[in-house]
Each structure stands twice: as structure tokens, then as C-alpha cells.
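Q: This is the content of model21.txt (compact mmCIF, C-alpha atoms and all ligand atoms):
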# COMPACT_ATOMS: atom_id res chain seq x y z
CA MET A 1 114.05 94.18 90.04
CA LYS A 2 111.95 95.17 93.05
CA THR A 3 108.56 96.66 92.28
CA ALA A 4 106.39 99.08 94.27
CA LEU A 5 102.94 100.56 93.70
CA ILE A 6 102.11 103.79 95.50
CA THR A 7 98.54 105.12 95.42
CA GLY A 8 98.02 108.87 95.24
CA ALA A 9 101.63 109.20 94.09
CA ASN A 10 101.20 112.33 91.95
CA ARG A 11 101.78 114.79 94.82
CA GLY A 12 102.45 115.18 98.53
CA ILE A 13 103.73 112.31 100.65
CA GLY A 14 102.94 109.73 97.94
CA TYR A 15 105.15 111.46 95.39
CA GLU A 16 108.01 111.68 97.89
CA VAL A 17 107.66 107.98 98.74
CA ALA A 18 107.79 107.17 95.01
CA ARG A 19 110.87 109.39 94.61
CA GLN A 20 112.71 107.75 97.53
CA LEU A 21 111.81 104.19 96.50
CA GLY A 22 112.93 105.05 92.96
CA SER A 23 116.29 106.18 94.27
CA LYS A 24 116.58 102.85 96.10
CA GLY A 25 116.29 101.04 92.76
CA PHE A 26 112.60 100.07 92.81
CA HIS A 27 110.56 100.06 89.63
CA VAL A 28 107.86 102.42 90.85
CA PHE A 29 104.26 102.20 89.69
CA VAL A 30 102.84 105.68 90.08
CA GLY A 31 99.17 105.33 91.00
CA ALA A 32 97.08 108.43 90.28
CA ARG A 33 93.42 109.03 89.54
CA ASP A 34 94.06 111.97 87.20
CA PRO A 35 95.94 110.74 84.10
CA GLN A 36 97.57 114.09 83.31
CA LYS A 37 98.82 114.58 86.89
CA GLY A 38 99.95 110.95 87.02
CA ARG A 39 101.89 111.18 83.75
CA ASP A 40 103.50 114.49 84.77
CA ALA A 41 104.61 112.99 88.11
CA THR A 42 105.95 109.89 86.32
CA GLU A 43 107.98 112.02 83.92
CA ALA A 44 109.39 114.04 86.83
CA LEU A 45 110.43 110.81 88.60
CA LYS A 46 112.11 109.53 85.44
CA LYS A 47 114.04 112.81 85.10
CA GLU A 48 115.46 112.09 88.55
CA GLY A 49 116.77 108.78 87.19
CA GLY A 50 114.08 106.49 88.56
CA ILE A 51 112.25 103.73 86.70
CA ALA A 52 108.61 104.77 86.86
CA THR A 53 105.37 103.71 85.18
CA PHE A 54 102.06 105.55 85.42
CA VAL A 55 99.06 103.48 86.54
CA ALA A 56 95.56 104.99 86.37
CA LEU A 57 94.08 104.21 89.78
CA ASP A 58 91.13 105.75 91.57
CA VAL A 59 91.04 103.82 94.84
CA SER A 60 87.35 104.64 95.37
CA ASP A 61 86.36 102.91 92.10
CA SER A 62 86.38 99.10 91.96
CA GLN A 63 86.61 98.98 88.12
CA SER A 64 89.61 101.30 88.24
CA ILE A 65 91.28 98.98 90.79
CA THR A 66 90.63 95.95 88.55
CA ASP A 67 92.05 97.80 85.55
CA ALA A 68 95.13 98.83 87.57
CA VAL A 69 95.87 95.19 88.46
CA HIS A 70 95.70 94.40 84.74
CA THR A 71 98.06 97.28 83.88
CA VAL A 72 100.66 96.26 86.46
CA SER A 73 100.36 92.53 85.60
CA GLU A 74 101.20 93.25 81.97
CA ILE A 75 104.54 94.75 83.03
CA ALA A 76 105.53 92.94 86.24
CA ASP A 77 105.11 89.30 87.32
CA HIS A 78 105.08 90.26 91.01
CA LEU A 79 104.72 93.21 93.36
CA ASP A 80 107.10 93.60 96.31
CA VAL A 81 105.54 96.67 97.90
CA LEU A 82 102.12 98.30 98.01
CA VAL A 83 101.83 101.72 99.69
CA ASN A 84 98.21 102.66 100.33
CA ASN A 85 98.82 106.40 100.53
CA ALA A 86 95.88 108.03 98.71
CA GLY A 87 93.64 109.86 101.14
CA ILE A 88 91.13 112.67 101.54
CA LEU A 89 90.24 114.89 104.46
CA LEU A 90 86.64 115.87 103.82
CA GLU A 91 84.66 117.44 106.64
CA GLU A 92 81.58 119.51 107.38
CA ASP A 93 81.47 122.26 109.96
CA ALA A 94 80.17 119.70 112.46
CA THR A 95 81.19 117.46 115.32
CA VAL A 96 80.32 113.78 115.32
CA ALA A 97 77.06 114.82 116.97
CA GLN A 98 75.76 116.34 113.70
CA LEU A 99 77.97 114.75 111.03
CA SER A 100 76.15 113.39 107.95
CA ALA A 101 76.45 109.75 106.94
CA GLU A 102 77.33 110.98 103.43
CA THR A 103 80.47 112.74 104.61
CA ILE A 104 81.47 109.75 106.72
CA MET A 105 80.94 107.40 103.77
CA LYS A 106 83.02 109.55 101.40
CA ASN A 107 85.99 109.43 103.79
CA PHE A 108 85.55 105.70 104.27
CA GLN A 109 85.28 105.10 100.52
CA THR A 110 88.76 106.51 99.88
CA ASN A 111 90.62 106.15 103.19
CA THR A 112 89.36 102.74 104.39
CA LEU A 113 87.67 100.77 101.62
CA GLY A 114 90.25 102.06 99.13
CA PRO A 115 93.25 100.44 100.87
CA LEU A 116 91.14 97.36 101.71
CA ARG A 117 90.06 96.77 98.11
CA VAL A 118 93.43 97.69 96.57
CA THR A 119 95.19 95.24 98.94
CA GLN A 120 92.68 92.49 98.14
CA ALA A 121 93.05 93.07 94.40
CA PHE A 122 96.87 93.12 94.40
CA LEU A 123 97.25 90.22 96.84
CA PRO A 124 97.94 87.58 94.14
CA LEU A 125 100.73 89.74 92.65
CA LEU A 126 102.09 90.50 96.13
CA LEU A 127 102.15 86.83 97.08
CA ARG A 128 104.28 86.11 94.00
CA GLY A 129 106.95 88.42 95.44
CA ASN A 130 109.63 87.60 98.00
CA ALA A 131 108.62 88.90 101.48
CA PRO A 132 105.96 91.34 100.21
CA ARG A 133 105.15 94.46 102.20
CA VAL A 134 102.05 96.64 102.48
CA VAL A 135 102.16 100.06 104.13
CA ASN A 136 98.90 101.77 105.02
CA VAL A 137 99.31 105.51 105.48
CA SER A 138 97.12 106.25 108.46
CA SER A 139 97.04 109.13 110.96
CA GLY A 140 97.45 109.81 114.65
CA GLY A 141 93.92 111.20 114.30
CA GLY A 142 92.73 107.58 114.15
CA GLN A 143 94.42 106.66 117.41
CA LEU A 144 92.00 105.45 120.11
CA SER A 145 94.43 105.23 123.01
CA GLU A 146 95.42 108.90 123.04
CA GLY A 147 91.83 110.03 123.54
CA MET A 148 89.94 111.67 120.71
CA ASP A 149 89.00 115.32 120.33
CA THR A 150 86.61 117.10 117.99
CA TRP A 151 89.00 117.59 115.04
CA ALA A 152 87.99 116.03 111.70
CA PRO A 153 85.66 113.31 112.99
CA ALA A 154 84.83 111.76 109.60
CA TYR A 155 88.51 111.52 108.65
CA CYS A 156 89.49 110.18 112.09
CA LEU A 157 86.80 107.48 111.95
CA SER A 158 88.08 106.37 108.56
CA LYS A 159 91.69 106.14 109.80
CA THR A 160 90.71 104.20 112.94
CA ALA A 161 88.98 101.73 110.64
CA LEU A 162 92.03 101.67 108.34
CA ASN A 163 94.12 100.61 111.33
CA ALA A 164 91.68 97.75 111.87
CA VAL A 165 92.18 96.78 108.21
CA THR A 166 95.92 96.58 108.93
CA GLY A 167 95.43 94.36 111.98
CA LEU A 168 92.95 92.07 110.26
CA PHE A 169 95.17 91.58 107.19
CA ALA A 170 98.18 90.88 109.40
CA ALA A 171 96.22 88.12 111.13
CA ALA A 172 94.68 86.69 107.96
CA VAL A 173 97.67 86.86 105.59
CA PRO A 174 100.86 86.03 107.51
CA ASP A 175 102.87 85.81 104.27
CA ILE A 176 102.80 89.59 103.89
CA SER A 177 104.12 92.23 106.24
CA ILE A 178 101.50 94.95 106.68
CA ASN A 179 101.67 97.99 108.95
CA SER A 180 100.01 101.36 109.54
CA VAL A 181 102.05 104.56 109.65
CA CYS A 182 101.35 108.01 111.02
CA PRO A 183 103.59 110.33 108.98
CA GLY A 184 103.21 113.18 111.46
CA TRP A 185 101.90 116.62 110.48
CA VAL A 186 103.37 117.18 107.01
CA ARG A 187 103.54 120.23 104.72
CA THR A 188 101.36 119.08 101.81
CA ASP A 189 98.07 120.30 100.35
CA MET A 190 96.35 118.30 103.08
CA GLY A 191 98.65 119.25 105.95
CA GLY A 192 98.98 122.93 104.99
CA ALA A 193 101.93 125.30 105.11
CA SER A 194 102.08 125.49 108.93
CA ALA A 195 102.71 121.76 109.37
CA THR A 196 105.83 120.84 111.31
CA ARG A 197 107.32 118.22 108.96
CA SER A 198 108.75 118.21 105.44
CA VAL A 199 107.57 115.58 102.94
CA GLU A 200 110.98 113.91 103.32
CA GLU A 201 110.36 113.49 107.06
CA GLY A 202 106.76 112.38 106.45
CA ALA A 203 107.89 109.73 103.96
CA ASP A 204 110.73 108.34 106.09
CA THR A 205 108.93 105.63 108.10
CA ILE A 206 106.82 104.63 105.09
CA VAL A 207 109.94 104.08 102.94
CA TRP A 208 111.73 102.30 105.78
CA LEU A 209 108.82 99.87 106.17
CA ALA A 210 108.61 99.40 102.41
CA ALA A 211 112.29 98.68 101.90
CA ASP A 212 114.38 98.14 105.02
CA ALA A 213 112.39 97.21 108.15
CA PRO A 214 112.67 93.66 109.55
CA GLU A 215 110.50 91.27 107.53
CA ASP A 216 108.73 89.97 110.63
CA LEU A 217 107.51 93.43 111.64
CA THR A 218 103.78 93.23 110.88
CA GLY A 219 100.40 94.23 112.28
CA GLN A 220 101.76 97.37 113.98
CA PHE A 221 101.12 101.12 114.03
CA LEU A 222 104.32 103.20 113.70
CA ARG A 223 105.60 106.76 113.72
CA ASP A 224 109.28 107.70 113.43
CA ARG A 225 110.18 104.01 112.88
CA LYS A 226 108.80 103.11 116.33
CA ARG A 227 105.62 101.37 117.43
CA ILE A 228 102.88 103.60 118.78
CA PRO A 229 99.67 102.51 120.50
CA TRP A 230 96.52 101.98 118.43
P1 LIG A 301 97.62 115.37 99.63
O1 LIG A 301 98.78 116.27 99.37
O2 LIG A 301 96.25 115.95 99.73
O3 LIG A 301 97.65 114.22 98.51
C1 LIG A 301 96.64 113.26 98.50
C2 LIG A 301 96.89 112.33 97.34
O4 LIG A 301 95.84 111.33 97.37
C3 LIG A 301 96.79 113.03 95.98
O5 LIG A 301 97.70 112.44 95.09
C4 LIG A 301 95.37 112.72 95.54
O6 LIG A 301 95.16 112.75 94.15
C5 LIG A 301 95.25 111.30 96.07
N1 LIG A 301 93.88 110.81 96.12
C6 LIG A 301 92.83 111.28 96.81
N2 LIG A 301 91.74 110.55 96.56
C7 LIG A 301 92.12 109.57 95.69
C8 LIG A 301 91.47 108.50 95.06
N3 LIG A 301 90.16 108.27 95.23
N4 LIG A 301 92.19 107.68 94.25
C9 LIG A 301 93.50 107.90 94.05
N5 LIG A 301 94.18 108.92 94.58
C10 LIG A 301 93.48 109.74 95.39
O7 LIG A 301 97.82 114.57 100.99
P2 LIG A 301 99.13 114.06 101.77
O8 LIG A 301 99.34 114.98 102.90
O9 LIG A 301 100.22 113.77 100.82
O10 LIG A 301 98.54 112.71 102.40
C11 LIG A 301 98.95 111.42 102.00
C12 LIG A 301 98.45 110.44 103.06
O11 LIG A 301 99.01 110.79 104.33
C13 LIG A 301 96.92 110.46 103.23
O12 LIG A 301 96.46 109.15 103.43
C14 LIG A 301 96.74 111.28 104.50
O13 LIG A 301 95.54 110.96 105.18
C15 LIG A 301 97.97 110.88 105.30
N6 LIG A 301 98.35 111.84 106.35
C16 LIG A 301 98.76 113.10 106.02
C17 LIG A 301 99.11 113.98 107.03
C18 LIG A 301 99.60 115.39 106.73
O14 LIG A 301 99.86 116.14 107.70
N7 LIG A 301 99.78 115.79 105.48
C19 LIG A 301 99.03 113.59 108.37
C20 LIG A 301 98.60 112.30 108.67
C21 LIG A 301 98.27 111.43 107.63
P3 LIG A 301 94.63 114.08 93.37
O15 LIG A 301 95.86 114.94 93.12
O16 LIG A 301 94.00 113.54 92.12
O17 LIG A 301 93.65 114.78 94.27
If you convert what's in this file into C-alpha cells, what do you get?
A:
Amino acid sequence: MKTALITGANRGIGYEVARQLGSKGFHVFVGARDPQKGRDATEALKKEGGIATFVALDVSDSQSITDAVHTVSEIADHLDVLVNNAGILLEEDATVAQLSAETIMKNFQTNTLGPLRVTQAFLPLLLRGNAPRVVNVSSGGGQLSEGMDTWAPAYCLSKTALNAVTGLFAAAVPDISINSVCPGWVRTDMGGASATRSVEEGADTIVWLAADAPEDLTGQFLRDRKRIPW
């Protein structure tokens, strides 16, 4: 059976990715930092007929990542898919001209170092799978080529760096397919009620890359199943 771990899978885009991969027959490992929320989400996924297992995982905590590898290894001998979805959007009322290093570091801890460390830690299990795939949920806010504005500078910095993580892993580990995705502006707690996309639309390219995209598609940044510039 195919296996997938999704971080931050208890709500928002992560939950929807877990739901869709479950309906495609994956055994879904539901990564969540809050055990109650994680267990509730896992139960909801099971009620929809999916095979789901809760995994306690705070991506900003290296011990939690180590423990999560242990938890998954006790149940599965390989991992086919890792979706680095967990993210925060933490800002001050400031442009980059005044932004504190503390705020920048908090965004990096979860949005950049989180996916980097989780991918490193799960690499042995991924490499035991057949054509393993990693999907890093990034943001158009991290795009350099479109020109940056003043919105959410700490978050945008962390997503630009996450895209670099994608490119570096693609070069260093050719046996995995790894890509960044911009889900668009999605109606979640982070995106808010005015966002233009449903969670189903936001999850689409992530699920496609996780399950159906060509195996040799790697080291790219995508939105709507198409490459976009870095
Ligand atoms: P969301 O509704 O705020 O959900 C964020 C998820 O990440 C929650 O499950 C949260 O867990 C989890 N999380 C945060 N910090 C974590 C940590 N340290 N360890 C583990 N889990 C953690 O956000 P979303 O809109 O679904 O966003 C999902 C991803 O899409 C993020 O990477 C985001 O940057 C990206 N994205 C979103 C949009 C958008 O418009 N929504 C646009 C572009 C990119 P808790 O419930 O415990 O807080």
C-alpha cells in the first residue's frame, strides 16, 4: 500500500490533501502538533473511508521530528510521499526595513527549516519507497521573478528560502522527485474568508504531484499543475 505523510494535516489545505490522498488509496499519516486536533482529524478521515494514522509532529521541534520518524517506522517500512504543508504567517506591523530578526526566525523555523529537517529525517524511509515524492507547499509570495511588494516580508522570505530548499534537494537527491507548489489564495484560517480558491482547488496541484505527475518532474515551482518562474 502507498503511504503518505502530510504535515499540518489537521486543518486547512493539509487536511484536504490528506482527504484526497486517502480517497486515492494511500495510507495517510496525519501529522499534527496538537494531539487532540490530530486525533480528531484522523477520526474524521477514517469516517470518510480512508486509512489514516495520527503522527504527533511539530515541524519546528527536532525531537518531535525524530519521534515522528520512529512512529511512522513502526507501522510502515517505506514512505512514498511527504507533503511539507505546515506553515505559519507571522508578521509585525512593519516592512522589511523595520522587521525584527525574531519574527523572521520564527517564520523560518516553521516554513523553511521545518520542511528541510523533516525531509532530511524521513529521507531513509522515502528512499525505501518506489519513486518517492516530496511536495513543499510554498507561496507566490516567495517568488523573486514577479517582483516583491511590502506584503508579509517575514513569511515571503521564508518561502523564497523554502524554494531554495526544493532546488537544492532536487540537485542533491536525484532519486526523489521534489517540487514547490503555490496553492493560490485559499479559503483557510491563513487565507481568510475572502480568498478566491476553495481548499479542493488549493490542494489539487499538491495531490497531483504527490500521486499522478510524471516521475521525472523535479526541482520545479508549480501552480495549477504548470511550472511558474521562481
Ligand atoms: P492554516 O489553515 O493556517 O493551517 C496551517 C496548518 O499548519 C495547521 O494544521 C497548523 O497546525 C499547522 N502548523 C503550523 N505550525 C506548525 C508546526 N510547527 N508543526 C506542525 N504543524 C504546524 O493554513 P493553510 O492555508 O492550510 O496553509 C497550508 C500551507 O499552504 C502553508 O504552508 C501556507 O504557507 C501555504 N499557503 C497558503 C495559502 C492560502 O491562501 N491559504 C497561500 C499560499 C500558501 P495548528 O492547527 O496546530 O495550528
Q: So that I can check the surroundings of region 194-211 of chain A, please list as a list in words every protein, DNA and RNA residue that reaches within 7 Å of it, counting all atoms listed in the file and ignoring chain neighbours fewer than 4 positions away.
A: Gly12, Ile13, Glu16, Val17, Leu21, Val81, Arg133, Val135, Val181, Pro183, Gly184, Trp185, Val186, Arg187, Arg223, Asp224 and Arg225 of chain A
Q: Dump the neighbourhood of ligand LIG 301 (chain A) as a ChimeraX atom specification: all residues within 7 Å, distances computed on all atoms listed in the file.
A: /A:7-14,31-34,37,57-60,85-89,110-111,137-140,182-191,195
Q: Starting from 3 Å padding per side, set up an axis-aligned box that covers all listed atoms of region 37-41 of chain A and hand over centre and edge lengths in Å, one decimal, as JSON.
A:
{"center_x": 101.7, "center_y": 112.8, "center_z": 85.9, "size_x": 11.8, "size_y": 9.6, "size_z": 10.4}
Q: Could you check how far CA of Ser23 (chain A) sits from CA of Gly49 (chain A), in Å to one decimal?
A: 7.6 Å
Q: In the coordinates of the file, take the point (87.4, 111.9, 113.4) and a cut-off of 10 Å; then, counting only C-alpha atoms, name each qualifying protein, DNA or RNA residue as a PDB file with C-alpha atoms, keeping the file's coordinate frame.
A:
ATOM      1  CA  LEU A  89      90.240 114.890 104.460  1.00  0.00           C
ATOM      2  CA  GLU A  91      84.660 117.440 106.640  1.00  0.00           C
ATOM      3  CA  THR A  95      81.190 117.460 115.320  1.00  0.00           C
ATOM      4  CA  VAL A  96      80.320 113.780 115.320  1.00  0.00           C
ATOM      5  CA  ILE A 104      81.470 109.750 106.720  1.00  0.00           C
ATOM      6  CA  GLY A 141      93.920 111.200 114.300  1.00  0.00           C
ATOM      7  CA  GLY A 142      92.730 107.580 114.150  1.00  0.00           C
ATOM      8  CA  GLN A 143      94.420 106.660 117.410  1.00  0.00           C
ATOM      9  CA  MET A 148      89.940 111.670 120.710  1.00  0.00           C
ATOM     10  CA  ASP A 149      89.000 115.320 120.330  1.00  0.00           C
ATOM     11  CA  THR A 150      86.610 117.100 117.990  1.00  0.00           C
ATOM     12  CA  TRP A 151      89.000 117.590 115.040  1.00  0.00           C
ATOM     13  CA  ALA A 152      87.990 116.030 111.700  1.00  0.00           C
ATOM     14  CA  PRO A 153      85.660 113.310 112.990  1.00  0.00           C
ATOM     15  CA  ALA A 154      84.830 111.760 109.600  1.00  0.00           C
ATOM     16  CA  TYR A 155      88.510 111.520 108.650  1.00  0.00           C
ATOM     17  CA  CYS A 156      89.490 110.180 112.090  1.00  0.00           C
ATOM     18  CA  LEU A 157      86.800 107.480 111.950  1.00  0.00           C
ATOM     19  CA  SER A 158      88.080 106.370 108.560  1.00  0.00           C
ATOM     20  CA  LYS A 159      91.690 106.140 109.800  1.00  0.00           C
ATOM     21  CA  THR A 160      90.710 104.200 112.940  1.00  0.00           C
TER      22      THR A 160
END
Q: Find the residues near region 66-77 of chain A: any atom within 8 Å, counting all atoms listed in the file, skip ones fewer than 5 places away on the same chain, and give them as a PyMOL selection string.
A: chain A and resi 3+29+55-57+121-122+125+128
Q: What does the distance between CA of Pro124 (chain A) and CA of Pro214 (chain A) come to in Å, to one decimal place?
A: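 So the two atoms, CA of Pro124 (chain A) and CA of Pro214 (chain A), lie 22.2 Å apart.
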Q: Could you please fill out region 87-98 of chain A with N, CA, C and O atoms and send it back as a PDB file, in the frame of the given file?
A:
ATOM      1  N   GLY A  87      94.567 109.540 100.053  1.00  0.00           N
ATOM      2  CA  GLY A  87      93.640 109.860 101.140  1.00  0.00           C
ATOM      3  C   GLY A  87      92.979 111.201 100.921  1.00  0.00           C
ATOM      4  O   GLY A  87      93.476 112.056 100.186  1.00  0.00           O
ATOM      5  N   ILE A  88      91.827 111.379 101.569  1.00  0.00           N
ATOM      6  CA  ILE A  88      91.130 112.670 101.540  1.00  0.00           C
ATOM      7  C   ILE A  88      90.787 113.071 102.974  1.00  0.00           C
ATOM      8  O   ILE A  88      90.649 112.207 103.857  1.00  0.00           O
ATOM      9  N   LEU A  89      90.680 114.365 103.163  1.00  0.00           N
ATOM     10  CA  LEU A  89      90.240 114.890 104.460  1.00  0.00           C
ATOM     11  C   LEU A  89      89.044 115.779 104.140  1.00  0.00           C
ATOM     12  O   LEU A  89      89.193 116.923 103.747  1.00  0.00           O
ATOM     13  N   LEU A  90      87.868 115.186 104.213  1.00  0.00           N
ATOM     14  CA  LEU A  90      86.640 115.870 103.820  1.00  0.00           C
ATOM     15  C   LEU A  90      85.751 116.006 105.050  1.00  0.00           C
ATOM     16  O   LEU A  90      85.369 114.999 105.633  1.00  0.00           O
ATOM     17  N   GLU A  91      85.453 117.234 105.431  1.00  0.00           N
ATOM     18  CA  GLU A  91      84.660 117.440 106.640  1.00  0.00           C
ATOM     19  C   GLU A  91      83.534 118.431 106.396  1.00  0.00           C
ATOM     20  O   GLU A  91      83.539 119.162 105.409  1.00  0.00           O
ATOM     21  N   GLU A  92      82.571 118.446 107.306  1.00  0.00           N
ATOM     22  CA  GLU A  92      81.580 119.510 107.380  1.00  0.00           C
ATOM     23  C   GLU A  92      81.942 120.340 108.592  1.00  0.00           C
ATOM     24  O   GLU A  92      82.773 119.941 109.390  1.00  0.00           O
ATOM     25  N   ASP A  93      81.284 121.473 108.747  1.00  0.00           N
ATOM     26  CA  ASP A  93      81.470 122.260 109.960  1.00  0.00           C
ATOM     27  C   ASP A  93      80.593 121.629 111.046  1.00  0.00           C
ATOM     28  O   ASP A  93      79.545 122.160 111.404  1.00  0.00           O
ATOM     29  N   ALA A  94      81.019 120.454 111.527  1.00  0.00           N
ATOM     30  CA  ALA A  94      80.170 119.700 112.460  1.00  0.00           C
ATOM     31  C   ALA A  94      81.023 118.760 113.304  1.00  0.00           C
ATOM     32  O   ALA A  94      82.068 118.282 112.842  1.00  0.00           O
ATOM     33  N   THR A  95      80.576 118.524 114.512  1.00  0.00           N
ATOM     34  CA  THR A  95      81.190 117.460 115.320  1.00  0.00           C
ATOM     35  C   THR A  95      80.501 116.156 114.956  1.00  0.00           C
ATOM     36  O   THR A  95      79.553 116.133 114.164  1.00  0.00           O
ATOM     37  N   VAL A  96      80.940 115.084 115.591  1.00  0.00           N
ATOM     38  CA  VAL A  96      80.320 113.780 115.320  1.00  0.00           C
ATOM     39  C   VAL A  96      78.833 113.808 115.698  1.00  0.00           C
ATOM     40  O   VAL A  96      78.040 113.014 115.186  1.00  0.00           O
ATOM     41  N   ALA A  97      78.454 114.752 116.536  1.00  0.00           N
ATOM     42  CA  ALA A  97      77.060 114.820 116.970  1.00  0.00           C
ATOM     43  C   ALA A  97      76.111 115.207 115.834  1.00  0.00           C
ATOM     44  O   ALA A  97      74.926 114.870 115.877  1.00  0.00           O
ATOM     45  N   GLN A  98      76.640 115.914 114.814  1.00  0.00           N
ATOM     46  CA  GLN A  98      75.760 116.340 113.700  1.00  0.00           C
ATOM     47  C   GLN A  98      76.210 115.791 112.336  1.00  0.00           C
ATOM     48  O   GLN A  98      75.538 115.995 111.330  1.00  0.00           O
TER      49      GLN A  98
END
